[in-house]
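The next block is query_4.cif, given as mmCIF, C-alpha atoms, pLDDT in the B column; chains and numbers go by the auth columns.
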data_data
loop_
_atom_site.group_PDB
_atom_site.id
_atom_site.type_symbol
_atom_site.label_atom_id
_atom_site.label_comp_id
_atom_site.label_asym_id
_atom_site.label_seq_id
_atom_site.Cartn_x
_atom_site.Cartn_y
_atom_site.Cartn_z
_atom_site.B_iso_or_equiv
_atom_site.auth_seq_id
_atom_site.auth_asym_id
ATOM 1 C CA MET A 1 0.000 0.000 0.000 97.00 1 A
ATOM 2 C CA LYS A 2 1.396 3.357 -0.969 98.00 2 A
ATOM 3 C CA VAL A 3 0.019 6.918 -0.833 98.00 3 A
ATOM 4 C CA ILE A 4 1.829 9.798 -2.524 98.00 4 A
ATOM 5 C CA ILE A 5 0.936 13.493 -2.479 98.00 5 A
ATOM 6 C CA ASN A 6 2.592 15.061 -5.506 97.00 6 A
ATOM 7 C CA SER A 7 3.136 18.798 -5.947 97.00 7 A
ATOM 8 C CA ASP A 8 4.601 18.382 -9.446 97.00 8 A
ATOM 9 C CA CYS A 9 3.102 17.137 -12.698 97.00 9 A
ATOM 10 C CA PHE A 10 3.259 13.328 -12.875 98.00 10 A
ATOM 11 C CA ASP A 11 2.847 10.655 -15.531 98.00 11 A
ATOM 12 C CA PRO A 12 0.411 8.095 -14.058 98.00 12 A
ATOM 13 C CA TRP A 13 1.505 5.300 -16.408 98.00 13 A
ATOM 14 C CA GLN A 14 5.163 5.806 -15.564 98.00 14 A
ATOM 15 C CA ARG A 15 4.258 5.767 -11.832 98.00 15 A
ATOM 16 C CA LEU A 16 2.235 2.615 -12.320 98.00 16 A
ATOM 17 C CA ASN A 17 5.089 0.874 -14.149 98.00 17 A
ATOM 18 C CA GLN A 18 7.586 1.967 -11.515 97.00 18 A
ATOM 19 C CA PHE A 19 5.395 0.798 -8.613 98.00 19 A
ATOM 20 C CA GLN A 20 4.726 -2.560 -10.240 96.00 20 A
ATOM 21 C CA SER A 21 8.391 -3.106 -11.104 96.00 21 A
ATOM 22 C CA GLU A 22 9.334 -2.483 -7.458 97.00 22 A
ATOM 23 C CA MET A 23 6.837 -4.994 -6.042 97.00 23 A
ATOM 24 C CA PRO A 24 8.421 -7.801 -4.013 96.00 24 A
ATOM 25 C CA ASP A 25 8.995 -11.158 -5.691 96.00 25 A
ATOM 26 C CA THR A 26 6.204 -12.668 -3.575 95.00 26 A
ATOM 27 C CA MET A 27 3.693 -10.584 -5.577 96.00 27 A
ATOM 28 C CA GLN A 28 4.746 -12.162 -8.880 94.00 28 A
ATOM 29 C CA GLY A 29 2.124 -14.682 -9.949 96.00 29 A
ATOM 30 C CA SER A 30 -0.209 -13.855 -7.039 97.00 30 A
ATOM 31 C CA TYR A 31 -2.503 -11.328 -8.737 98.00 31 A
ATOM 32 C CA GLY A 32 -4.817 -11.931 -11.656 98.00 32 A
ATOM 33 C CA ALA A 33 -6.348 -8.460 -11.903 98.00 33 A
ATOM 34 C CA THR A 34 -5.164 -4.871 -11.861 98.00 34 A
ATOM 35 C CA ALA A 35 -7.716 -2.041 -12.001 98.00 35 A
ATOM 36 C CA VAL A 36 -6.589 1.515 -12.616 98.00 36 A
ATOM 37 C CA PHE A 37 -8.361 4.871 -12.491 98.00 37 A
ATOM 38 C CA VAL A 38 -6.763 8.108 -13.687 98.00 38 A
ATOM 39 C CA GLY A 39 -8.464 11.462 -13.111 97.00 39 A
ATOM 40 C CA THR A 40 -7.447 14.283 -15.460 97.00 40 A
ATOM 41 C CA MET A 41 -8.151 18.003 -15.290 97.00 41 A
ATOM 42 C CA ARG A 42 -10.723 19.228 -17.828 96.00 42 A
ATOM 43 C CA ASP A 43 -10.667 22.702 -19.392 97.00 43 A
ATOM 44 C CA PHE A 44 -14.349 23.281 -18.581 96.00 44 A
ATOM 45 C CA ASN A 45 -16.638 22.984 -15.570 95.00 45 A
ATOM 46 C CA GLU A 46 -20.268 23.887 -14.986 92.00 46 A
ATOM 47 C CA GLY A 47 -20.541 25.578 -18.387 94.00 47 A
ATOM 48 C CA ASP A 48 -17.389 27.721 -18.050 96.00 48 A
ATOM 49 C CA ASP A 49 -13.952 27.462 -19.657 98.00 49 A
ATOM 50 C CA VAL A 50 -11.281 26.819 -17.012 97.00 50 A
ATOM 51 C CA SER A 51 -7.667 27.911 -17.608 97.00 51 A
ATOM 52 C CA ASP A 52 -6.040 26.480 -14.469 96.00 52 A
ATOM 53 C CA MET A 53 -6.691 25.240 -10.986 97.00 53 A
ATOM 54 C CA PHE A 54 -5.155 25.199 -7.519 97.00 54 A
ATOM 55 C CA LEU A 55 -5.605 22.054 -5.438 98.00 55 A
ATOM 56 C CA GLU A 56 -5.285 22.666 -1.700 97.00 56 A
ATOM 57 C CA HIS A 57 -4.956 19.906 0.912 97.00 57 A
ATOM 58 C CA TYR A 58 -4.596 19.486 4.680 97.00 58 A
ATOM 59 C CA PRO A 59 -1.066 18.133 5.187 97.00 59 A
ATOM 60 C CA GLY A 60 -1.172 15.220 7.596 98.00 60 A
ATOM 61 C CA MET A 61 -4.930 14.660 7.558 98.00 61 A
ATOM 62 C CA THR A 62 -5.048 14.099 3.795 98.00 62 A
ATOM 63 C CA GLU A 63 -2.378 11.397 3.922 98.00 63 A
ATOM 64 C CA ARG A 64 -4.044 9.810 6.959 97.00 64 A
ATOM 65 C CA TYR A 65 -7.416 9.590 5.217 98.00 65 A
ATOM 66 C CA LEU A 66 -5.975 8.221 1.993 98.00 66 A
ATOM 67 C CA GLU A 67 -4.132 5.550 3.988 98.00 67 A
ATOM 68 C CA ASN A 68 -7.326 4.722 5.930 98.00 68 A
ATOM 69 C CA ILE A 69 -9.277 4.421 2.680 98.00 69 A
ATOM 70 C CA CYS A 70 -6.664 2.017 1.286 98.00 70 A
ATOM 71 C CA LEU A 71 -6.602 -0.008 4.509 98.00 71 A
ATOM 72 C CA GLN A 72 -10.395 -0.358 4.580 98.00 72 A
ATOM 73 C CA ALA A 73 -10.450 -1.421 0.930 98.00 73 A
ATOM 74 C CA THR A 74 -7.625 -3.891 1.559 98.00 74 A
ATOM 75 C CA LYS A 75 -9.667 -5.604 4.294 98.00 75 A
ATOM 76 C CA LYS A 76 -12.991 -5.432 2.447 98.00 76 A
ATOM 77 C CA TYR A 77 -11.809 -6.616 -0.971 98.00 77 A
ATOM 78 C CA ASP A 78 -8.709 -8.674 -0.108 98.00 78 A
ATOM 79 C CA LEU A 79 -6.413 -6.340 -1.995 98.00 79 A
ATOM 80 C CA LEU A 80 -2.926 -7.667 -2.564 98.00 80 A
ATOM 81 C CA GLU A 81 -1.568 -4.197 -3.229 98.00 81 A
ATOM 82 C CA SER A 82 -2.822 -0.622 -3.738 98.00 82 A
ATOM 83 C CA LEU A 83 -1.474 2.727 -4.871 98.00 83 A
ATOM 84 C CA ILE A 84 -2.839 6.273 -4.698 98.00 84 A
ATOM 85 C CA VAL A 85 -1.024 9.260 -6.201 98.00 85 A
ATOM 86 C CA HIS A 86 -2.776 12.628 -5.828 98.00 86 A
ATOM 87 C CA ARG A 87 -1.661 15.948 -7.202 98.00 87 A
ATOM 88 C CA VAL A 88 -1.728 19.212 -5.206 98.00 88 A
ATOM 89 C CA GLY A 89 -0.767 22.787 -6.077 98.00 89 A
ATOM 90 C CA HIS A 90 -1.122 24.559 -9.430 98.00 90 A
ATOM 91 C CA ILE A 91 -2.609 22.351 -12.159 98.00 91 A
ATOM 92 C CA LYS A 92 -3.222 22.887 -15.861 97.00 92 A
ATOM 93 C CA PRO A 93 -5.859 21.235 -18.080 98.00 93 A
ATOM 94 C CA ASN A 94 -4.812 17.750 -19.227 98.00 94 A
ATOM 95 C CA ASP A 95 -2.600 17.268 -16.137 98.00 95 A
ATOM 96 C CA SER A 96 -3.274 14.104 -14.156 98.00 96 A
ATOM 97 C CA ILE A 97 -4.959 14.796 -10.818 98.00 97 A
ATOM 98 C CA VAL A 98 -5.235 11.327 -9.335 98.00 98 A
ATOM 99 C CA LEU A 99 -4.102 7.757 -9.924 98.00 99 A
ATOM 100 C CA VAL A 100 -5.726 4.845 -8.092 98.00 100 A
ATOM 101 C CA ALA A 101 -4.560 1.296 -8.762 98.00 101 A
ATOM 102 C CA VAL A 102 -5.396 -1.983 -7.035 98.00 102 A
ATOM 103 C CA TRP A 103 -4.143 -5.533 -7.461 98.00 103 A
ATOM 104 C CA THR A 104 -6.347 -8.536 -6.592 98.00 104 A
ATOM 105 C CA GLU A 105 -6.715 -12.237 -7.389 98.00 105 A
ATOM 106 C CA HIS A 106 -9.846 -11.735 -9.503 98.00 106 A
ATOM 107 C CA ARG A 107 -11.340 -8.933 -11.607 98.00 107 A
ATOM 108 C CA LYS A 108 -14.580 -8.416 -9.657 98.00 108 A
ATOM 109 C CA GLN A 109 -12.841 -7.244 -6.471 98.00 109 A
ATOM 110 C CA ALA A 110 -10.433 -5.106 -8.490 98.00 110 A
ATOM 111 C CA PHE A 111 -13.184 -3.215 -10.344 98.00 111 A
ATOM 112 C CA ILE A 112 -15.279 -2.647 -7.216 98.00 112 A
ATOM 113 C CA ALA A 113 -12.365 -1.728 -4.968 98.00 113 A
ATOM 114 C CA CYS A 114 -10.937 0.804 -7.426 98.00 114 A
ATOM 115 C CA ARG A 115 -14.346 2.506 -7.699 98.00 115 A
ATOM 116 C CA ASP A 116 -14.878 2.354 -3.928 98.00 116 A
ATOM 117 C CA ILE A 117 -11.503 3.955 -3.191 98.00 117 A
ATOM 118 C CA MET A 118 -12.225 6.777 -5.650 98.00 118 A
ATOM 119 C CA GLU A 119 -15.673 7.503 -4.218 97.00 119 A
ATOM 120 C CA ASN A 120 -14.347 7.488 -0.636 97.00 120 A
ATOM 121 C CA LEU A 121 -11.468 9.736 -1.671 98.00 121 A
ATOM 122 C CA LYS A 122 -13.885 12.218 -3.219 96.00 122 A
ATOM 123 C CA SER A 123 -16.177 12.327 -0.188 94.00 123 A
ATOM 124 C CA LYS A 124 -13.662 12.095 2.689 95.00 124 A
ATOM 125 C CA ALA A 125 -10.113 13.095 1.778 98.00 125 A
ATOM 126 C CA PRO A 126 -9.484 16.795 2.488 98.00 126 A
ATOM 127 C CA PHE A 127 -8.707 18.373 -0.886 98.00 127 A
ATOM 128 C CA TRP A 128 -10.243 21.552 -2.297 98.00 128 A
ATOM 129 C CA LYS A 129 -10.210 22.853 -5.874 97.00 129 A
ATOM 130 C CA LYS A 130 -10.006 26.525 -6.788 97.00 130 A
ATOM 131 C CA GLU A 131 -10.609 27.257 -10.468 97.00 131 A
ATOM 132 C CA GLN A 132 -9.381 30.134 -12.580 97.00 132 A
ATOM 133 C CA LEU A 133 -11.839 30.751 -15.410 97.00 133 A
ATOM 134 C CA ASN A 134 -10.843 32.038 -18.862 95.00 134 A
ATOM 135 C CA LYS A 135 -12.942 35.143 -18.273 92.00 135 A
ATOM 136 C CA GLY A 136 -10.836 35.953 -15.209 94.00 136 A
ATOM 137 C CA GLN A 137 -13.069 34.871 -12.347 96.00 137 A
ATOM 138 C CA ILE A 138 -11.646 32.695 -9.558 97.00 138 A
ATOM 139 C CA ARG A 139 -13.972 30.369 -7.656 96.00 139 A
ATOM 140 C CA TRP A 140 -13.890 27.455 -5.231 96.00 140 A
ATOM 141 C CA VAL A 141 -15.447 24.238 -6.527 96.00 141 A
ATOM 142 C CA GLU A 142 -18.311 23.651 -4.095 87.00 142 A
ATOM 143 C CA LYS A 143 -19.326 20.093 -4.966 84.00 143 A
ATOM 144 C CA ASN A 144 -18.206 16.968 -6.767 83.00 144 A
ATOM 145 C CA THR A 145 -19.626 15.897 -10.110 78.00 145 A
ATOM 146 C CA GLN A 146 -21.809 12.774 -10.227 75.00 146 A
ATOM 147 C CA GLY A 147 -19.733 9.591 -10.125 73.00 147 A
ATOM 148 C CA MET B 1 -5.983 26.103 27.418 84.00 1 B
ATOM 149 C CA THR B 2 -4.345 26.521 24.019 88.00 2 B
ATOM 150 C CA ILE B 3 -6.211 25.488 20.886 91.00 3 B
ATOM 151 C CA HIS B 4 -4.639 25.521 17.447 92.00 4 B
ATOM 152 C CA VAL B 5 -7.258 26.529 14.886 92.00 5 B
ATOM 153 C CA LYS B 6 -6.971 26.114 11.107 93.00 6 B
ATOM 154 C CA PHE B 7 -9.242 27.251 8.307 93.00 7 B
ATOM 155 C CA PHE B 8 -8.998 25.838 4.807 94.00 8 B
ATOM 156 C CA ALA B 9 -10.216 26.862 1.337 95.00 9 B
ATOM 157 C CA SER B 10 -13.372 29.005 1.344 94.00 10 B
ATOM 158 C CA MET B 11 -13.487 28.956 5.168 94.00 11 B
ATOM 159 C CA ARG B 12 -10.148 30.785 5.209 91.00 12 B
ATOM 160 C CA ASP B 13 -11.581 33.362 2.798 90.00 13 B
ATOM 161 C CA LEU B 14 -14.603 33.751 5.050 91.00 14 B
ATOM 162 C CA MET B 15 -12.460 34.294 8.119 88.00 15 B
ATOM 163 C CA GLY B 16 -9.966 36.634 6.457 83.00 16 B
ATOM 164 C CA ASP B 17 -6.423 35.703 5.571 67.00 17 B
ATOM 165 C CA ASP B 18 -5.641 33.855 8.797 63.00 18 B
ATOM 166 C CA GLN B 19 -4.975 30.253 7.909 61.00 19 B
ATOM 167 C CA GLU B 20 -3.673 29.173 11.281 69.00 20 B
ATOM 168 C CA ILE B 21 -4.300 30.730 14.657 72.00 21 B
ATOM 169 C CA SER B 22 -3.344 29.599 18.141 73.00 22 B
ATOM 170 C CA HIS B 23 -5.829 30.739 20.725 73.00 23 B
ATOM 171 C CA ASN B 24 -5.101 30.983 24.402 75.00 24 B
ATOM 172 C CA ILE B 25 -8.536 30.521 25.791 72.00 25 B
ATOM 173 C CA LEU B 26 -9.242 31.453 29.351 62.00 26 B
ATOM 174 C CA GLU B 27 -11.278 28.909 31.264 66.00 27 B
ATOM 175 C CA GLN B 28 -13.813 31.572 32.199 59.00 28 B
ATOM 176 C CA LYS B 29 -14.693 32.043 28.530 74.00 29 B
ATOM 177 C CA ASN B 30 -16.684 28.845 28.955 83.00 30 B
ATOM 178 C CA ILE B 31 -15.590 27.350 25.645 89.00 31 B
ATOM 179 C CA LYS B 32 -16.308 23.643 25.778 92.00 32 B
ATOM 180 C CA THR B 33 -17.302 22.503 22.298 95.00 33 B
ATOM 181 C CA VAL B 34 -16.182 23.077 18.725 95.00 34 B
ATOM 182 C CA ASP B 35 -19.308 25.166 18.233 95.00 35 B
ATOM 183 C CA ASP B 36 -18.301 27.391 21.178 93.00 36 B
ATOM 184 C CA LEU B 37 -14.859 27.756 19.570 92.00 37 B
ATOM 185 C CA TRP B 38 -16.372 28.848 16.238 93.00 38 B
ATOM 186 C CA ILE B 39 -18.418 31.534 17.985 91.00 39 B
ATOM 187 C CA TYR B 40 -15.281 32.682 19.837 88.00 40 B
ATOM 188 C CA CYS B 41 -13.178 32.841 16.622 88.00 41 B
ATOM 189 C CA ALA B 42 -15.750 33.984 14.061 88.00 42 B
ATOM 190 C CA GLU B 43 -16.531 37.416 15.482 85.00 43 B
ATOM 191 C CA GLY B 44 -20.195 37.140 14.631 88.00 44 B
ATOM 192 C CA LYS B 45 -19.894 35.274 11.346 91.00 45 B
ATOM 193 C CA GLU B 46 -22.430 32.488 11.122 92.00 46 B
ATOM 194 C CA ARG B 47 -21.091 28.951 10.751 93.00 47 B
ATOM 195 C CA PRO B 48 -22.073 27.695 7.248 94.00 48 B
ATOM 196 C CA ASN B 49 -24.354 24.658 7.349 92.00 49 B
ATOM 197 C CA ASN B 50 -22.034 22.598 5.160 94.00 50 B
ATOM 198 C CA VAL B 51 -18.808 23.261 7.083 96.00 51 B
ATOM 199 C CA LEU B 52 -16.820 20.166 8.014 97.00 52 B
ATOM 200 C CA ILE B 53 -14.838 19.968 11.253 98.00 53 B
ATOM 201 C CA ALA B 54 -11.801 17.925 12.220 98.00 54 B
ATOM 202 C CA VAL B 55 -10.160 17.690 15.627 98.00 55 B
ATOM 203 C CA ASN B 56 -6.625 16.323 15.603 98.00 56 B
ATOM 204 C CA MET B 57 -7.264 15.322 11.972 98.00 57 B
ATOM 205 C CA ASP B 58 -10.376 13.228 12.617 97.00 58 B
ATOM 206 C CA TYR B 59 -13.877 14.277 11.587 98.00 59 B
ATOM 207 C CA VAL B 60 -16.122 15.359 14.479 98.00 60 B
ATOM 208 C CA ASP B 61 -19.416 17.201 14.844 97.00 61 B
ATOM 209 C CA ALA B 62 -19.907 20.683 16.246 97.00 62 B
ATOM 210 C CA GLN B 63 -20.832 19.383 19.712 97.00 63 B
ATOM 211 C CA TYR B 64 -17.466 17.656 20.170 98.00 64 B
ATOM 212 C CA PHE B 65 -15.738 18.641 23.432 97.00 65 B
ATOM 213 C CA ILE B 66 -12.324 20.194 22.880 95.00 66 B
ATOM 214 C CA LYS B 67 -9.377 19.993 25.232 94.00 67 B
ATOM 215 C CA ASP B 68 -6.031 21.693 25.747 92.00 68 B
ATOM 216 C CA ARG B 69 -3.639 21.475 22.751 93.00 69 B
ATOM 217 C CA ASP B 70 -6.263 20.197 20.314 95.00 70 B
ATOM 218 C CA GLU B 71 -5.882 21.127 16.646 95.00 71 B
ATOM 219 C CA VAL B 72 -9.269 22.139 15.270 96.00 72 B
ATOM 220 C CA ALA B 73 -9.847 22.604 11.531 96.00 73 B
ATOM 221 C CA PHE B 74 -12.845 24.101 9.741 96.00 74 B
ATOM 222 C CA PHE B 75 -13.273 23.508 6.014 96.00 75 B
ATOM 223 C CA PRO B 76 -15.912 23.241 3.254 96.00 76 B
ATOM 224 C CA PRO B 77 -17.027 19.972 1.594 97.00 77 B
ATOM 225 C CA VAL B 78 -14.057 18.248 -0.007 97.00 78 B
ATOM 226 C CA THR B 79 -13.575 18.166 -3.793 96.00 79 B
ATOM 227 C CA GLY B 80 -10.543 16.015 -4.535 96.00 80 B
ATOM 228 C CA GLY B 81 -9.990 13.463 -7.276 95.00 81 B
#
Any chance you could give the structure as structure tokens?
Amino acid sequence: MKVIINSDCFDPWQRLNQFQSEMPDTMQGSYGATAVFVGTMRDFNEGDDVSDMFLEHYPGMTERYLENICLQATKKYDLLESLIVHRVGHIKPNDSIVLVAVWTEHRKQAFIACRDIMENLKSKAPFWKKEQLNKGQIRWVEKNTQG
Amino acid sequence: MTIHVKFFASMRDLMGDDQEISHNILEQKNIKTVDDLWIYCAEGKERPNNVLIAVNMDYVDAQYFIKDRDEVAFFPPVTGG
């Protein structure tokens, strides 16, 4: 289980490859399913064009909640391994915001667990988005989009 | 008692530019709960209905009893991912 808060732009596929290549030998041959979710910043929201965004977090509490979410999912879905990478700071459209990956024996647990981790992250982990619109306005994002 | 108070995101905007404040609260102020603390800090500003509260980085409700050296955070609904 690994949780990373990243203040720089990251390549989720490179992170995924790196994490998987560093898994212990005991993991080799043990998992039959890997489910991955990548969240990417759009250049529009609620009918407005968005030029960039600032993602604020609560250092300490954010990491704690992401770790708790992974631990709960590990127990509930028998995860063999899990990874969350979440971006903070100044973000541009097309930048990756979040990577969630889980490894399980079978596909059903992997699909459900990946979704479950994302939904818990969105409702519990302390992050806040502030958007800069093309027309100059700056606003806090007040609610999540439908899952 | 000393309480460390933090405001995040739109709550910080609401409260002014103070992100982190340490309050030395005299016992006679009769501040027992998180709600009492908000009233003490907010200088008349009403607590938004959707505000979330954490004490020592765990979610609590407004009636939670605070104690010396607690870290109390007020913030709006979260929007990560």
- Query: What residues come out when you apply the PyMOL selection byres ((chain B) within 6 of (chain A)) to this file, written as a list of chain:residue names?
  - Reply: B:Met57, B:Val78, B:Thr79, B:Gly80, B:Gly81
Work out where the centre of an axis-aligned box around every listed atom of region 2-16 of chain B lies and how long its edges are once 6 Å is added on each side; give both in Å to one decimal as AutoDock Vina command-line options.
--center_x -9.5 --center_y 31.1 --center_z 12.7 --size_x 22.3 --size_y 23.1 --size_z 34.7
- Report the residues retrieved by the PyMOL selection byres ((chain A and resi 35) around 6) from the displayed file, expressed as a PyMOL selection string. chain A and resi 34+36+101-102+110-111
- Selection result of the PyMOL selection byres ((chain B and resi 41-56) around 9) on this file, as a VMD selection string: (chain A and resid 61) or (chain B and resid 5 11 14 to 15 23 34 to 40 57 to 62 64 66 70 to 78)
Mind writing the picked residues with C-alpha atoms as a compact mmCIF listing (two decimals), in the frame of the given file?
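The file below, result.txt, is the result:
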# COMPACT_ATOMS: atom_id res chain seq x y z
CA MET A 61 -4.93 14.66 7.56
CA VAL B 5 -7.26 26.53 14.89
CA MET B 11 -13.49 28.96 5.17
CA LEU B 14 -14.60 33.75 5.05
CA MET B 15 -12.46 34.29 8.12
CA HIS B 23 -5.83 30.74 20.72
CA VAL B 34 -16.18 23.08 18.73
CA ASP B 35 -19.31 25.17 18.23
CA ASP B 36 -18.30 27.39 21.18
CA LEU B 37 -14.86 27.76 19.57
CA TRP B 38 -16.37 28.85 16.24
CA ILE B 39 -18.42 31.53 17.98
CA TYR B 40 -15.28 32.68 19.84
CA MET B 57 -7.26 15.32 11.97
CA ASP B 58 -10.38 13.23 12.62
CA TYR B 59 -13.88 14.28 11.59
CA VAL B 60 -16.12 15.36 14.48
CA ASP B 61 -19.42 17.20 14.84
CA ALA B 62 -19.91 20.68 16.25
CA TYR B 64 -17.47 17.66 20.17
CA ILE B 66 -12.32 20.19 22.88
CA ASP B 70 -6.26 20.20 20.31
CA GLU B 71 -5.88 21.13 16.65
CA VAL B 72 -9.27 22.14 15.27
CA ALA B 73 -9.85 22.60 11.53
CA PHE B 74 -12.84 24.10 9.74
CA PHE B 75 -13.27 23.51 6.01
CA PRO B 76 -15.91 23.24 3.25
CA PRO B 77 -17.03 19.97 1.59
CA VAL B 78 -14.06 18.25 -0.01
- Selection: 7 Å around Arg69 (chain B), only C-alpha atoms, excl. self and same-chain fewer than 5 positions, as a PyMOL selection string: chain B and resi 1-4
- Query: Any idea what's packed within 12 Å of Asp48 (chain A), counting all atoms listed in the file, ignoring anything in its chain fewer than 4 positions away? Could you give it as a PyMOL selection string?
  - Reply: chain A and resi 42-44+52+131-139
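Note that the spacing between CA of Gly89 (chain A) and CA of Asp11 (chain A) amounts to 15.8 Å.
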- Suppose you want the space between CA of Ile69 (chain A) and CA of Phe65 (chain B); what is it in Å?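 That distance, rounded to one decimal, is 26.0 Å.
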- Task: Would you mind reading off the distance between CA of Glu22 (chain A) and CA of His90 (chain A), one decimal, in Å?
- Result: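 These atoms are spaced 29.1 Å apart.
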- Message: Can you tell me which residues surround Trp103 (chain A) at a distance of at most 10 Å, considering only C-alpha atoms, apart from same-chain residues fewer than 4 positions away, and format the answer as a list in words?
- Response: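 Near neighbours after the sequence-gap exclusion: Gln20, Met27, Ser30, Tyr31, Gly32, Ala33, Thr34, Ala35, Val36, Thr74, Asp78, Leu79, Leu80, Glu81, Ser82, Leu83, Arg107, Gln109, Ala110, Phe111, Ala113 and Cys114 of chain A.
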